[in-house]
$ cat work_23.cif   # mmCIF, C-alpha atoms and all ligand atoms
data_data
#
loop_
_atom_site.label_atom_id
_atom_site.label_comp_id
_atom_site.auth_asym_id
_atom_site.auth_seq_id
_atom_site.Cartn_x
_atom_site.Cartn_y
_atom_site.Cartn_z
CA MET A 1 30.53 58.73 -26.51
CA LYS A 2 31.08 62.39 -27.28
CA LYS A 3 33.15 63.86 -24.50
CA ILE A 4 35.82 62.34 -22.30
CA ALA A 5 37.89 63.59 -19.38
CA VAL A 6 41.42 62.73 -18.28
CA PHE A 7 43.15 63.25 -14.93
CA THR A 8 46.33 62.30 -13.09
CA SER A 9 46.21 61.20 -9.47
CA GLY A 10 48.41 59.98 -6.61
CA GLY A 11 52.18 60.47 -6.74
CA ASP A 12 53.15 62.04 -10.07
CA ALA A 13 55.38 59.99 -12.35
CA PRO A 14 57.57 60.99 -15.32
CA GLY A 15 55.64 60.09 -18.46
CA MET A 16 52.24 61.19 -17.16
CA ASN A 17 52.37 64.18 -19.52
CA ALA A 18 53.16 61.93 -22.48
CA CYS A 19 50.11 59.89 -21.54
CA VAL A 20 47.83 62.94 -21.20
CA ARG A 21 49.03 64.04 -24.63
CA ALA A 22 48.22 60.63 -26.11
CA VAL A 23 44.74 60.59 -24.56
CA VAL A 24 43.95 64.10 -25.80
CA ARG A 25 45.22 63.58 -29.34
CA THR A 26 43.62 60.14 -29.70
CA GLY A 27 40.32 61.48 -28.42
CA LEU A 28 40.40 64.42 -30.82
CA ASN A 29 41.35 62.12 -33.72
CA GLN A 30 38.27 60.08 -32.93
CA GLY A 31 36.04 63.16 -33.02
CA LEU A 32 35.65 63.40 -29.23
CA GLU A 33 35.83 66.49 -27.09
CA VAL A 34 38.41 66.16 -24.32
CA MET A 35 38.56 67.86 -20.92
CA GLY A 36 41.31 67.74 -18.34
CA ILE A 37 40.53 67.61 -14.64
CA LYS A 38 43.20 69.33 -12.57
CA LYS A 39 44.42 67.86 -9.25
CA GLY A 40 42.87 64.42 -9.59
CA PHE A 41 39.78 63.49 -7.61
CA ALA A 42 40.11 66.69 -5.59
CA GLY A 43 39.68 68.75 -8.78
CA MET A 44 36.70 66.63 -9.78
CA ILE A 45 35.03 67.82 -6.57
CA ASP A 46 36.33 71.41 -6.82
CA ASN A 47 35.19 71.67 -10.45
CA LEU A 48 38.68 72.19 -11.92
CA PHE A 49 37.71 71.11 -15.44
CA ILE A 50 39.52 72.61 -18.44
CA PRO A 51 39.00 72.00 -22.16
CA LEU A 52 42.01 70.41 -23.85
CA TYR A 53 42.89 70.94 -27.48
CA SER A 54 45.69 69.55 -29.60
CA ASN A 55 47.94 72.50 -28.84
CA SER A 56 47.17 72.26 -25.09
CA VAL A 57 49.43 69.22 -25.06
CA SER A 58 52.13 70.54 -27.40
CA ASN A 59 55.69 70.36 -26.13
CA ILE A 60 54.90 68.29 -23.03
CA ILE A 61 55.97 64.77 -24.07
CA GLN A 62 59.47 65.43 -22.68
CA LYS A 63 58.39 67.06 -19.43
CA GLY A 64 58.28 65.49 -15.97
CA GLY A 65 55.54 66.16 -13.43
CA THR A 66 52.02 66.53 -14.78
CA ILE A 67 50.44 69.57 -16.43
CA LEU A 68 47.16 68.49 -14.84
CA GLN A 69 48.79 68.38 -11.39
CA SER A 70 47.98 65.66 -8.91
CA ALA A 71 46.57 65.22 -5.43
CA ARG A 72 45.42 62.66 -2.90
CA SER A 73 41.81 63.44 -1.92
CA ASP A 74 40.23 62.50 1.42
CA GLU A 75 36.94 64.09 0.36
CA PHE A 76 36.55 61.67 -2.54
CA ARG A 77 36.58 58.85 0.03
CA THR A 78 33.21 60.14 1.27
CA LYS A 79 29.83 59.56 -0.43
CA LYS A 80 29.18 63.28 -0.29
CA GLY A 81 32.45 64.07 -2.09
CA ARG A 82 31.72 61.52 -4.81
CA ALA A 83 28.19 62.92 -5.27
CA ILE A 84 29.65 66.40 -5.93
CA ALA A 85 32.18 64.87 -8.34
CA TYR A 86 29.39 63.11 -10.24
CA LYS A 87 27.34 66.31 -10.43
CA ASN A 88 30.33 68.16 -11.91
CA LEU A 89 31.12 65.37 -14.39
CA SER A 90 27.45 65.31 -15.51
CA GLU A 91 27.25 69.08 -15.86
CA HIS A 92 30.31 69.01 -18.11
CA GLY A 93 28.66 66.25 -20.16
CA ILE A 94 31.48 63.74 -19.56
CA ASP A 95 30.71 60.29 -21.01
CA GLY A 96 33.92 58.51 -20.02
CA VAL A 97 37.05 59.11 -17.95
CA VAL A 98 40.72 58.12 -18.25
CA ALA A 99 42.40 57.92 -14.83
CA ILE A 100 46.20 57.89 -14.77
CA GLY A 101 47.61 56.81 -11.41
CA GLY A 102 48.27 53.94 -9.05
CA ASP A 103 46.20 51.52 -6.98
CA GLY A 104 44.66 54.31 -4.85
CA THR A 105 43.40 55.94 -8.05
CA PHE A 106 41.84 52.72 -9.29
CA ALA A 107 40.31 52.00 -5.88
CA GLY A 108 38.63 55.44 -6.00
CA ALA A 109 37.43 54.87 -9.57
CA LYS A 110 36.06 51.44 -8.65
CA VAL A 111 33.98 52.76 -5.72
CA PHE A 112 32.71 55.61 -7.89
CA MET A 113 31.67 53.23 -10.67
CA GLU A 114 29.76 51.08 -8.17
CA GLU A 115 27.66 54.15 -7.32
CA TYR A 116 27.40 55.93 -10.68
CA ASN A 117 27.03 54.80 -14.23
CA LEU A 118 30.11 56.38 -15.77
CA PRO A 119 32.90 54.34 -17.40
CA PHE A 120 36.48 54.77 -16.18
CA ILE A 121 39.60 53.29 -17.78
CA GLY A 122 42.81 53.26 -15.74
CA VAL A 123 46.38 53.77 -16.90
CA PRO A 124 49.21 52.68 -14.55
CA GLY A 125 51.27 55.74 -13.64
CA THR A 126 53.57 55.40 -10.63
CA ILE A 127 57.32 55.15 -10.23
CA ASP A 128 56.92 52.20 -7.84
CA ASN A 129 56.06 49.58 -10.50
CA ASP A 130 53.95 47.71 -7.95
CA LEU A 131 50.83 47.28 -10.08
CA PHE A 132 49.55 43.91 -11.15
CA GLY A 133 48.58 43.77 -14.84
CA THR A 134 51.53 45.46 -16.51
CA ASP A 135 55.23 44.67 -16.83
CA ASN A 136 56.13 48.31 -16.20
CA THR A 137 54.21 51.29 -14.87
CA ILE A 138 54.72 54.72 -16.44
CA GLY A 139 57.58 56.43 -14.59
CA PHE A 140 59.38 53.35 -13.35
CA ASP A 141 62.01 53.29 -16.09
CA THR A 142 62.85 56.95 -15.48
CA ALA A 143 63.05 56.43 -11.71
CA ILE A 144 65.45 53.48 -11.96
CA ASN A 145 67.69 55.39 -14.35
CA ILE A 146 67.78 58.41 -12.05
CA ALA A 147 68.57 56.14 -9.09
CA MET A 148 71.25 54.34 -11.08
CA GLU A 149 72.97 57.55 -12.11
CA ALA A 150 72.88 58.90 -8.57
CA ILE A 151 74.33 55.68 -7.15
CA ASP A 152 77.09 55.69 -9.80
CA ARG A 153 78.10 59.12 -8.52
CA ILE A 154 77.98 57.95 -4.92
CA LYS A 155 80.19 54.97 -5.81
CA ASP A 156 82.93 57.31 -7.02
CA THR A 157 83.12 59.16 -3.75
CA ALA A 158 82.59 55.99 -1.66
CA HIS A 159 85.63 54.44 -3.33
CA ALA A 160 87.75 57.57 -2.85
CA HIS A 161 87.26 57.39 0.94
CA ASP A 162 86.82 53.63 1.59
CA ARG A 163 83.29 54.26 2.80
CA LEU A 164 80.11 52.28 3.19
CA PHE A 165 77.04 54.07 1.83
CA PHE A 166 73.41 53.32 2.56
CA VAL A 167 71.36 54.75 -0.29
CA GLU A 168 67.62 54.99 0.28
CA VAL A 169 65.41 54.91 -2.79
CA MET A 170 61.64 55.33 -3.06
CA GLY A 171 59.21 52.46 -2.66
CA ARG A 172 56.84 52.61 0.27
CA ASP A 173 55.57 49.08 -0.26
CA ALA A 174 57.68 47.87 -3.15
CA GLY A 175 61.35 47.15 -3.79
CA PHE A 176 61.46 47.32 -7.59
CA ILE A 177 63.40 50.57 -7.77
CA ALA A 178 65.88 49.32 -5.16
CA LEU A 179 66.37 46.01 -6.90
CA GLN A 180 66.87 47.30 -10.43
CA SER A 181 69.14 50.17 -9.42
CA GLY A 182 71.06 47.91 -7.04
CA ILE A 183 71.76 45.30 -9.71
CA ALA A 184 72.69 47.98 -12.23
CA THR A 185 75.22 49.60 -9.91
CA GLY A 186 76.76 46.41 -8.50
CA ALA A 187 75.50 47.05 -4.96
CA GLU A 188 76.67 44.73 -2.19
CA ALA A 189 73.14 44.33 -0.87
CA VAL A 190 69.60 45.43 -1.65
CA LEU A 191 66.96 45.57 1.08
CA VAL A 192 63.34 45.42 -0.04
CA PRO A 193 59.97 45.26 1.74
CA GLU A 194 59.07 42.04 -0.05
CA SER A 195 61.74 39.96 1.72
CA LYS A 196 62.62 39.93 5.41
CA THR A 197 65.77 41.87 6.18
CA ASP A 198 68.34 40.07 8.32
CA ILE A 199 70.78 42.67 9.66
CA ASP A 200 73.26 40.06 10.93
CA ASN A 201 73.36 38.51 7.50
CA LEU A 202 73.95 41.94 5.97
CA ILE A 203 76.80 42.58 8.40
CA SER A 204 78.41 39.26 7.59
CA THR A 205 78.30 40.14 3.85
CA LEU A 206 79.88 43.52 4.58
CA LYS A 207 82.56 41.93 6.80
CA THR A 208 83.46 39.39 4.12
CA ASN A 209 83.84 42.21 1.59
CA TYR A 210 85.93 44.19 4.05
CA GLU A 211 88.21 41.21 4.65
CA LYS A 212 88.54 40.80 0.87
CA LYS A 213 89.83 44.41 0.96
CA LYS A 214 86.92 45.84 -0.99
CA SER A 215 87.46 49.54 -0.68
CA SER A 216 83.81 50.58 -0.57
CA SER A 217 80.34 49.20 -0.30
CA ILE A 218 76.90 50.28 -1.40
CA VAL A 219 73.71 49.04 0.24
CA VAL A 220 70.50 50.10 -1.51
CA VAL A 221 67.51 50.34 0.83
CA ALA A 222 63.89 50.67 -0.31
CA GLU A 223 62.22 53.27 1.92
CA GLY A 224 59.56 50.76 3.01
CA ASP A 225 61.97 48.03 4.11
CA ASP A 226 60.76 46.09 7.16
CA ALA A 227 63.98 46.88 9.08
CA GLY A 228 63.43 50.63 8.63
CA GLY A 229 64.85 53.28 6.34
CA ALA A 230 68.52 53.86 5.55
CA PHE A 231 69.14 55.85 8.77
CA GLU A 232 67.80 53.16 11.12
CA ILE A 233 69.60 50.35 9.31
CA ALA A 234 72.88 52.26 9.15
CA LYS A 235 72.67 52.94 12.88
CA GLU A 236 72.19 49.27 13.69
CA VAL A 237 75.01 48.18 11.37
CA LYS A 238 77.34 50.78 12.86
CA SER A 239 76.68 49.51 16.38
CA LYS A 240 77.86 46.03 15.37
CA PHE A 241 80.49 46.60 12.67
CA ASP A 242 82.83 49.54 12.41
CA GLY A 243 85.03 48.44 9.53
CA TYR A 244 83.91 51.21 7.23
CA GLU A 245 83.11 54.84 7.81
CA ILE A 246 79.41 55.12 7.01
CA ARG A 247 77.46 57.73 5.04
CA ILE A 248 73.78 57.86 4.13
CA THR A 249 72.05 59.36 1.08
CA VAL A 250 68.28 59.56 0.63
CA LEU A 251 67.43 60.09 -3.04
CA GLY A 252 63.79 61.01 -2.29
CA HIS A 253 61.77 62.98 -4.79
CA THR A 254 64.66 63.47 -7.22
CA GLN A 255 63.50 60.08 -8.51
CA ARG A 256 60.10 61.48 -9.47
CA GLY A 257 61.11 64.59 -11.39
CA GLY A 258 62.77 65.38 -14.69
CA PRO A 259 62.27 64.25 -18.26
CA PRO A 260 60.92 60.75 -18.82
CA THR A 261 63.14 58.18 -20.53
CA CYS A 262 62.43 57.03 -24.07
CA ASN A 263 60.85 53.82 -22.73
CA ASP A 264 58.47 55.75 -20.49
CA ARG A 265 57.43 58.12 -23.27
CA VAL A 266 56.69 55.22 -25.60
CA LEU A 267 54.84 53.22 -22.95
CA ALA A 268 52.80 56.26 -21.91
CA SER A 269 51.89 57.06 -25.52
CA ARG A 270 50.85 53.52 -26.21
CA LEU A 271 48.76 53.13 -23.05
CA GLY A 272 47.12 56.55 -23.54
CA ILE A 273 45.97 55.54 -27.02
CA ALA A 274 44.78 52.14 -25.72
CA ALA A 275 42.78 53.77 -22.91
CA VAL A 276 40.73 55.90 -25.32
CA GLN A 277 40.25 52.99 -27.71
CA GLN A 278 38.97 50.84 -24.86
CA LEU A 279 36.51 53.52 -23.77
CA LEU A 280 35.22 53.63 -27.35
CA ASN A 281 35.02 49.81 -27.37
CA GLY A 282 32.65 50.04 -24.41
CA GLU A 283 35.13 48.75 -21.81
CA LYS A 284 34.98 50.10 -18.26
CA GLY A 285 36.49 49.46 -14.84
CA VAL A 286 39.74 48.11 -16.26
CA MET A 287 43.38 49.17 -16.29
CA VAL A 288 45.25 49.04 -19.58
CA GLY A 289 48.73 47.58 -19.19
CA GLN A 290 51.47 46.16 -21.33
CA ILE A 291 52.66 42.58 -20.81
CA HIS A 292 55.26 41.08 -23.14
CA LYS A 293 54.61 43.95 -25.56
CA ASP A 294 50.86 43.25 -25.75
CA ILE A 295 48.11 45.51 -24.42
CA VAL A 296 46.34 43.70 -21.59
CA LEU A 297 43.20 44.69 -19.64
CA THR A 298 43.00 44.03 -15.90
CA PRO A 299 39.83 44.71 -13.89
CA PHE A 300 40.32 47.38 -11.21
CA LYS A 301 39.48 44.84 -8.51
CA ASP A 302 42.48 42.71 -9.52
CA ALA A 303 44.82 45.66 -10.10
CA ILE A 304 44.04 46.74 -6.53
CA LYS A 305 44.04 43.31 -4.90
CA TYR A 306 47.23 41.88 -6.33
CA HIS A 307 50.68 43.35 -6.50
CA GLN A 308 53.40 42.79 -9.01
CA ARG A 309 55.81 40.28 -7.48
CA ILE A 310 59.55 40.57 -7.16
CA ASN A 311 61.32 37.93 -9.22
CA PRO A 312 63.44 36.00 -6.64
CA SER A 313 66.10 35.29 -9.27
CA LEU A 314 66.77 39.03 -9.45
CA LEU A 315 67.43 39.12 -5.70
CA GLU A 316 69.88 36.25 -6.17
CA ILE A 317 71.86 38.25 -8.71
CA ILE A 318 72.92 40.60 -5.94
CA SER A 319 74.34 37.86 -3.73
CA ILE A 320 75.99 36.01 -6.62
CA LEU A 321 77.72 39.05 -8.04
CA SER A 322 78.55 41.16 -5.01
O1 LIG B 1 53.86 56.05 -4.82
C1 LIG B 1 54.94 56.75 -5.34
C2 LIG B 1 55.78 57.31 -4.22
O2 LIG B 1 56.80 58.06 -4.84
C3 LIG B 1 56.36 56.30 -3.26
O3 LIG B 1 57.51 55.63 -3.75
C4 LIG B 1 56.65 57.17 -2.07
O4 LIG B 1 56.68 56.43 -0.90
C5 LIG B 1 55.49 58.12 -2.08
O5 LIG B 1 55.03 58.19 -3.40
C6 LIG B 1 55.82 59.50 -1.56
O6 LIG B 1 54.66 60.25 -1.52
P1 LIG B 1 54.63 61.83 -1.30
O7 LIG B 1 55.13 62.47 -2.56
O8 LIG B 1 53.20 62.12 -1.03
O9 LIG B 1 55.53 62.11 -0.16
#

$ encode --input "work_23.cif" --output "structure tokens"
Amino acid sequence: MKKIAVFTSGGDAPGMNACVRAVVRTGLNQGLEVMGIKKGFAGMIDNLFIPLYSNSVSNIIQKGGTILQSARSDEFRTKKGRAIAYKNLSEHGIDGVVAIGGDGTFAGAKVFMEEYNLPFIGVPGTIDNDLFGTDNTIGFDTAINIAMEAIDRIKDTAHAHDRLFFVEVMGRDAGFIALQSGIATGAEAVLVPESKTDIDNLISTLKTNYEKKKSSSIVVVAEGDDAGGAFEIAKEVKSKFDGYEIRITVLGHTQRGGPPTCNDRVLASRLGIAAVQQLLNGEKGVMVGQIHKDIVLTPFKDAIKYHQRINPSLLEIISILS
């Protein structure tokens, strides 16, 4: 192996830059040439390849977003798109690829590897933490800390006005951000896609708190909750219980930007190094993850098929302590 490429794909996540840096510097240390592909699979098709040197990744470990930019590509879902991507990769002499992203990224890499003989190694980069094969994905720790800080601020104003706040956090299919930030901020309830939401039950919790003269309440809602987003749920609650004045805050993409936490920088650095080492070991079609502090390899097919599961005892914490 003489030349490798690295790209970021899907929703960006804080720590992706730290991972790109680790891939580039590890590759160079091993005597490899390294190229970056801008805009994920779309850039592979549009020939957005750039050479990366040690100083190309200077001063990025602390930066959010991704210097390589990211995209979701419909064209790569077609055979024709993948054929163009392969032609470009071959013309640049790429012998192996590090793909930093989520399950959509690994699904694309898996299909590509079934058609073409080029090794890919995946690195889990998504704020959602929904990937099987790693305790944490790159970006998750930053996202939960941003959500926690935002909810702390909301709590101050909620208390000042005796209000009930519904705070919507990211997580299209996963409630990890909601759960962690909800526990950390002492939320009254956390609603996640992984468990069925019972609005009447939620109202009875809120009523009990109201009768106990709790001055404010916070309900954290994952955007993908089965009962809807924060606006829909708040509307339904309001129609049945008017004890509190209600306000709604959607944290949205604030959770994806800004400097990565220390944990995310360290995880990203470690996984970036591991990805290059695994390519050099001859591995392919696997995601590198970290479980109980050890580097673990998970085949793409499993990383795509399974999802990290919510620990039910964490959900219980909310009801015990609220
Ligand atoms: O997958 C990460 C994520 O941030 C989800 O939590 C969210 O639902 C989605 O991406 C938003 O995607 P976009 O930035 O394309 O709106």

$ residues_around --input "work_23.cif" --residues "range 267-282 of chain A" --least-positions-apart "5" --cutoff "7 Å" --atoms "all atoms listed in the file" --output "ChimeraX atom specification"
/A:1,15-16,18-20,22-23,26-27,96,98,121,123,138,288-289

$ write_last_selection --input "work_23.cif" --atoms "C-alpha atoms" --output "mmCIF file, in the frame of the given file"
data_model
loop_
_atom_site.group_PDB
_atom_site.id
_atom_site.type_symbol
_atom_site.label_atom_id
_atom_site.label_comp_id
_atom_site.auth_asym_id
_atom_site.auth_seq_id
_atom_site.Cartn_x
_atom_site.Cartn_y
_atom_site.Cartn_z
ATOM 1 C CA MET A 1 30.530 58.730 -26.510
ATOM 2 C CA GLY A 15 55.640 60.090 -18.460
ATOM 3 C CA MET A 16 52.240 61.190 -17.160
ATOM 4 C CA ALA A 18 53.160 61.930 -22.480
ATOM 5 C CA CYS A 19 50.110 59.890 -21.540
ATOM 6 C CA VAL A 20 47.830 62.940 -21.200
ATOM 7 C CA ALA A 22 48.220 60.630 -26.110
ATOM 8 C CA VAL A 23 44.740 60.590 -24.560
ATOM 9 C CA THR A 26 43.620 60.140 -29.700
ATOM 10 C CA GLY A 27 40.320 61.480 -28.420
ATOM 11 C CA GLY A 96 33.920 58.510 -20.020
ATOM 12 C CA VAL A 98 40.720 58.120 -18.250
ATOM 13 C CA ILE A 121 39.600 53.290 -17.780
ATOM 14 C CA VAL A 123 46.380 53.770 -16.900
ATOM 15 C CA ILE A 138 54.720 54.720 -16.440
ATOM 16 C CA VAL A 288 45.250 49.040 -19.580
ATOM 17 C CA GLY A 289 48.730 47.580 -19.190
#

$ residues_around --input "work_23.cif" --residues "Ala187 in chain A" --least-positions-apart "3" --cutoff "6 Å" --atoms "only C-alpha atoms" --output "ChimeraX atom specification"
/A:182,218-219

$ residues_near_ligand --input "work_23.cif" --ligand "ligand LIG 1 (chain B)" --cutoff "12 Å" --atoms "only C-alpha atoms and all ligand atoms" --output "JSON, numbers by chain"
{"A": [9, 10, 11, 12, 13, 14, 65, 70, 71, 72, 73, 101, 102, 103, 104, 105, 124, 125, 126, 127, 128, 129, 130, 131, 137, 138, 139, 140, 143, 144, 168, 169, 170, 171, 172, 173, 174, 175, 176, 177, 178, 193, 222, 223, 224, 225, 229, 251, 252, 253, 254, 255, 256, 257]}

$ closest_atom_pairs --input "work_23.cif" --of "range 89-192 of chain A" --to "range 35-49 of chain A" --cutoff "9 Å" --atoms "only C-alpha atoms" --output "JSON lines"
{"residue": "A:Leu89", "atom": "CA", "partner": "A:Met44", "partner_atom": "CA", "distance": 7.3}
{"residue": "A:His92", "atom": "CA", "partner": "A:Phe49", "partner_atom": "CA", "distance": 8.1}
{"residue": "A:Ile94", "atom": "CA", "partner": "A:Met35", "partner_atom": "CA", "distance": 8.3}
{"residue": "A:Ala99", "atom": "CA", "partner": "A:Gly40", "partner_atom": "CA", "distance": 8.4}
{"residue": "A:Ile100", "atom": "CA", "partner": "A:Gly40", "partner_atom": "CA", "distance": 9.0}
{"residue": "A:Thr105", "atom": "CA", "partner": "A:Phe41", "partner_atom": "CA", "distance": 8.4}
{"residue": "A:Gly108", "atom": "CA", "partner": "A:Phe41", "partner_atom": "CA", "distance": 8.3}

$ write_last_selection --input "work_23.cif" --atoms "C-alpha atoms" --output "mmCIF file, in the frame of the given file"
data_model
loop_
_atom_site.group_PDB
_atom_site.id
_atom_site.type_symbol
_atom_site.label_atom_id
_atom_site.label_comp_id
_atom_site.auth_asym_id
_atom_site.auth_seq_id
_atom_site.Cartn_x
_atom_site.Cartn_y
_atom_site.Cartn_z
ATOM 1 C CA LEU A 89 31.120 65.370 -14.390
ATOM 2 C CA HIS A 92 30.310 69.010 -18.110
ATOM 3 C CA ILE A 94 31.480 63.740 -19.560
ATOM 4 C CA ALA A 99 42.400 57.920 -14.830
ATOM 5 C CA ILE A 100 46.200 57.890 -14.770
ATOM 6 C CA THR A 105 43.400 55.940 -8.050
ATOM 7 C CA GLY A 108 38.630 55.440 -6.000
#

$ closest_residue --input "work_23.cif" --among "A:Asn29, A:Ser215, A:Gln180, A:Ser239" --to "Asp200 in chain A" --atoms "all atoms listed in the file"
A:Ser239

$ residues_near_point --input "work_23.cif" --point "(43.7, 45.8, -8.6)" --cutoff "9 Å" --atoms "all atoms listed in the file" --output "PDB file with C-alpha atoms, keeping the file's coordinate frame"
ATOM      1  CA  ASP A 103      46.200  51.520  -6.980  1.00  0.00           C
ATOM      2  CA  PHE A 106      41.840  52.720  -9.290  1.00  0.00           C
ATOM      3  CA  ALA A 107      40.310  52.000  -5.880  1.00  0.00           C
ATOM      4  CA  LEU A 131      50.830  47.280 -10.080  1.00  0.00           C
ATOM      5  CA  PHE A 132      49.550  43.910 -11.150  1.00  0.00           C
ATOM      6  CA  GLY A 133      48.580  43.770 -14.840  1.00  0.00           C
ATOM      7  CA  VAL A 286      39.740  48.110 -16.260  1.00  0.00           C
ATOM      8  CA  MET A 287      43.380  49.170 -16.290  1.00  0.00           C
ATOM      9  CA  THR A 298      43.000  44.030 -15.900  1.00  0.00           C
ATOM     10  CA  PRO A 299      39.830  44.710 -13.890  1.00  0.00           C
ATOM     11  CA  PHE A 300      40.320  47.380 -11.210  1.00  0.00           C
ATOM     12  CA  LYS A 301      39.480  44.840  -8.510  1.00  0.00           C
ATOM     13  CA  ASP A 302      42.480  42.710  -9.520  1.00  0.00           C
ATOM     14  CA  ALA A 303      44.820  45.660 -10.100  1.00  0.00           C
ATOM     15  CA  ILE A 304      44.040  46.740  -6.530  1.00  0.00           C
ATOM     16  CA  LYS A 305      44.040  43.310  -4.900  1.00  0.00           C
ATOM     17  CA  TYR A 306      47.230  41.880  -6.330  1.00  0.00           C
ATOM     18  CA  HIS A 307      50.680  43.350  -6.500  1.00  0.00           C
TER      19      HIS A 307
END

$ residues_near_point --input "work_23.cif" --point "(88.1, 47.2, 2.4)" --cutoff "12 Å" --atoms "only C-alpha atoms" --output "list of chain:residue names"
A:Ala158, A:His159, A:Ala160, A:His161, A:Asp162, A:Arg163, A:Leu164, A:Leu206, A:Lys207, A:Thr208, A:Asn209, A:Tyr210, A:Glu211, A:Lys212, A:Lys213, A:Lys214, A:Ser215, A:Ser216, A:Ser217, A:Asp242, A:Gly243, A:Tyr244, A:Glu245

$ atom_distance --input "work_23.cif" --atom1 "CA of Ser313 in chain A" --atom2 "CA of Val167 in chain A"
22.1 Å
